[in-house]
Amino acid sequence: MPKLLTGVAAGALMCAWAGTVGASDLPGKFDGVTIDAKLIGGQQYEALYARIAEWEKATGAKVTVISKKNHFELDKEIKSDIATGSISWCVGSNHSSFAPQYPDIYTDLSALVPKEEIEAFVPANIKASTLDGKLVMLPRAQFDVSALYYQKSLYQDEARKTAFKAKYGYDLTPPDTWAQVTDQATFFSSPPDFYGTQFAGKEEAINGRFYEMVVAEGGEYLDASGKPAFNSEAGIRALDWFVNLYKAKAVPAGTTNYLWDDLGQGFASGTIAVNLDWPGWATFFNDPKSSKVAGNVGVKVQPAGSSGKRTGWSGHHGFSVTESCASKDAAASLVWFLTNEDSQKLEAAAGPLPTRTAVWEWDIAEAANDPYKKEVLSAFQEAAQHAFPVPQTPSWIEISNAVYPELQAAILGDKTSKEALDAAAQKATEILEEAGEL
């Protein structure tokens, strides 16, 4: 904090937070203060933002949301702000995969939020939110690892079960391996009306899915020295999974342009058999107001690759406060409010996994008499046991931006998987060399 604030104001603020102010004093009073915020947008994130009005009423402050975009577009906007020196806003959505790119723009929340509040979070999430000793974000109830959603009726149809076993030689049950997903996705597909599966096909979304498939195939994305190693036999097998499904028309033709909202809407439309996706969609998929598959949704742990390892790319969302913010105490109060127990219960009730220990306990208790939610929590608890973060390099997103067009080229048939991965590995190496990481 001494580096962040200077003079008497800094000393007073430090005394306030370190001394008399505790969790019971939150959210505080900030009459006349306006907090500008840049937030991630998307169906599964929106319900939380309705609580901002409650914070405004309690504190006397105002929040102006100056940007609301998907995280890929938000990332580009933040980088533009950094480049032009125009970070005049106070609160920003953040993510454990994106945070290492911004080592200097966000302040240390451990100096602004009571210790007992920080200790109420799952320690692993706080650890992943801490970079170079700075707590750069407070985690929201959006811990992400993907499990497999599927339409139960497809696996209960006797004619399909008989035809599948005759063709593939094993029983038709929800898949436990990615090889089985390939078989079933091909079997179920009837384009252009129905598809076996789908995947997000651009930005970090496809690179992240490719990364976890590489791991499931027994390979590495970066080796022990930090050098790109995904242009391997395991990497080729991983990319071929996407290529072969696209070639077989087992995924929608537009999948190379899909991001997360497209996948959520796609499965909810009833036109997708199995769908690897995040926990935030669980309630949406089972709500008849938003989903044609409501009442017909099964959820199970994500499949395993040929190595026996399951996919498990994971991370979590959060909120950060900028170093340049003139009202850090008010901004920290807002970030706390959006991640406190009430906020986490609101988000967790819709399916996302909480990041506060007490809310995990509440969530499990709430699911006791709800068979679907119990199934969801059970699947995602098991999925979380196989979770792993992105490679620990600040260049991850820049590498993703260079790699994903090469992955698309292979999927679309413009290059072989080997050609695409060799070109991608060269681009990634150059990025890491330029950053001084190699």
# chains A, B, ... in the order shown; residues from 1 in each chain; ligands from 1
$ select_by_dssp --residues "stretch 135-272 of chain A" --states "strand (DSSP E)" --output "list of chain:residue names"
A:Leu135, A:Leu138, A:Pro139, A:Arg140, A:Ala141, A:Gln142, A:Phe143, A:Asp144, A:Val145, A:Ala147, A:Leu148, A:Tyr149, A:Tyr150, A:Gln151
$ select_by_dssp --residues "stretch 170-365 of chain A" --states "alpha helix (DSSP H)" --output "number ranges by chain"
A: 178-188, 203-216, 233-247, 260-268, 282-285, 328-337, 341-348, 357-365
$ residues_around --residues "stretch 278-285 of chain A" --least-positions-apart "4" --cutoff "7 Å" --atoms "only C-alpha atoms" --output "list of chain:residue names"
A:Gln44, A:Asp144, A:Val145, A:Ser146, A:Ala147, A:Gly264, A:Ala268, A:Ser290, A:Ser291, A:Val293, A:Ala294, A:Ala350, A:Gly351, A:Pro352, A:Leu353
$ write_last_selection --atoms "C-alpha atoms" --output "tab-separated table (two decimals), in the first residue's frame"
chain	number	residue	atom	x	y	z
A	44	GLN	CA	-24.49	-16.53	-16.97
A	144	ASP	CA	-14.65	-23.07	-13.90
A	145	VAL	CA	-13.84	-26.60	-14.95
A	146	SER	CA	-15.88	-28.34	-17.62
A	147	ALA	CA	-18.01	-31.47	-17.28
A	264	GLY	CA	-24.75	-22.63	-24.33
A	268	ALA	CA	-30.23	-25.45	-24.94
A	290	SER	CA	-34.59	-20.98	-21.62
A	291	SER	CA	-33.99	-24.55	-22.76
A	293	VAL	CA	-33.76	-29.91	-23.14
A	294	ALA	CA	-35.03	-29.01	-19.66
A	350	ALA	CA	-27.71	-21.04	-10.93
A	351	GLY	CA	-24.98	-23.65	-11.21
A	352	PRO	CA	-21.58	-21.90	-11.00
A	353	LEU	CA	-19.17	-23.26	-8.41
$ residues_around --residues "A:Ala428" --least-positions-apart "5" --cutoff "9 Å" --atoms "only C-alpha atoms" --output "ChimeraX atom specification"
/A:227-228,395,398-400,402-403,423,433
$ closest_residue --among "A:Gln156, A:Ser96, A:Asn207, A:Ser190" --to "A:Pro405" --atoms "only C-alpha atoms"
A:Asn207
$ residues_around --residues "stretch 166-180 of chain A" --least-positions-apart "3" --cutoff "9 Å" --atoms "only C-alpha atoms" --output "PyMOL selection string"
chain A and resi 148+150+152+155-156+160-163+183-185+213+241+274+298+300-306+308+310
$ closest_residue --among "A:Lys309, A:His316, A:Tyr45, A:Ala424" --to "A:Asp261" --atoms "only C-alpha atoms"
A:Tyr45
$ closest_atom_pairs --of "stretch 52-116 of chain A" --to "stretch 256-260 of chain A" --cutoff "12 Å" --atoms "only C-alpha atoms" --output "JSON lines"
{"residue": "A:Asn70", "atom": "CA", "partner": "A:Trp260", "partner_atom": "CA", "distance": 9.1}
{"residue": "A:His71", "atom": "CA", "partner": "A:Trp260", "partner_atom": "CA", "distance": 10.4}
{"residue": "A:Phe72", "atom": "CA", "partner": "A:Leu259", "partner_atom": "CA", "distance": 9.7}
{"residue": "A:Glu73", "atom": "CA", "partner": "A:Leu259", "partner_atom": "CA", "distance": 11.6}
$ write_last_selection --atoms "C-alpha atoms" --output "short mmCIF file (atom, residue, chain, number, x, y, z; two decimals), in the first residue's frame"
data_model
loop_
_atom_site.label_atom_id
_atom_site.label_comp_id
_atom_site.auth_asym_id
_atom_site.auth_seq_id
_atom_site.Cartn_x
_atom_site.Cartn_y
_atom_site.Cartn_z
CA ASN A 70 -17.01 -11.04 -23.41
CA HIS A 71 -13.61 -11.52 -21.82
CA PHE A 72 -11.76 -11.81 -25.11
CA GLU A 73 -12.99 -8.41 -26.25
#
$ closest_residue --among "A:Val215, A:Asp277, A:Thr84, A:Ile52" --to "A:Ser232" --atoms "only C-alpha atoms"
A:Val215
$ closest_residue --among "A:Tyr195, A:Leu135, A:Ser110, A:Ser307" --to "A:Gly218" --atoms "only C-alpha atoms"
A:Ser307
$ residues_around --residues "A:Tyr221" --least-positions-apart "3" --cutoff "9 Å" --atoms "only C-alpha atoms" --output "number ranges by chain"
A: 211-212, 214-215, 226-231, 235, 391
$ residues_around --residues "stretch 27-39 of chain A" --least-positions-apart "4" --cutoff "6 Å" --atoms "only C-alpha atoms" --output "VMD selection string"
chain A and resid 59 to 68 89 to 93 333
$ closest_residue --among "A:Val243, A:Ala83, A:Val251, A:Ile364" --to "A:Gln381" --atoms "only C-alpha atoms"
A:Ile364
$ atom_distance --atom1 "atom CA of A:Thr107" --atom2 "atom CA of A:Glu323"
4.8 Å
$ atom_distance --atom1 "atom CA of A:Val335" --atom2 "atom CA of A:Lys76"
21.9 Å
$ closest_residue --among "A:Val122, A:Ala141, A:Leu74, A:Leu407" --to "A:Ile206" --atoms "only C-alpha atoms"
A:Leu407
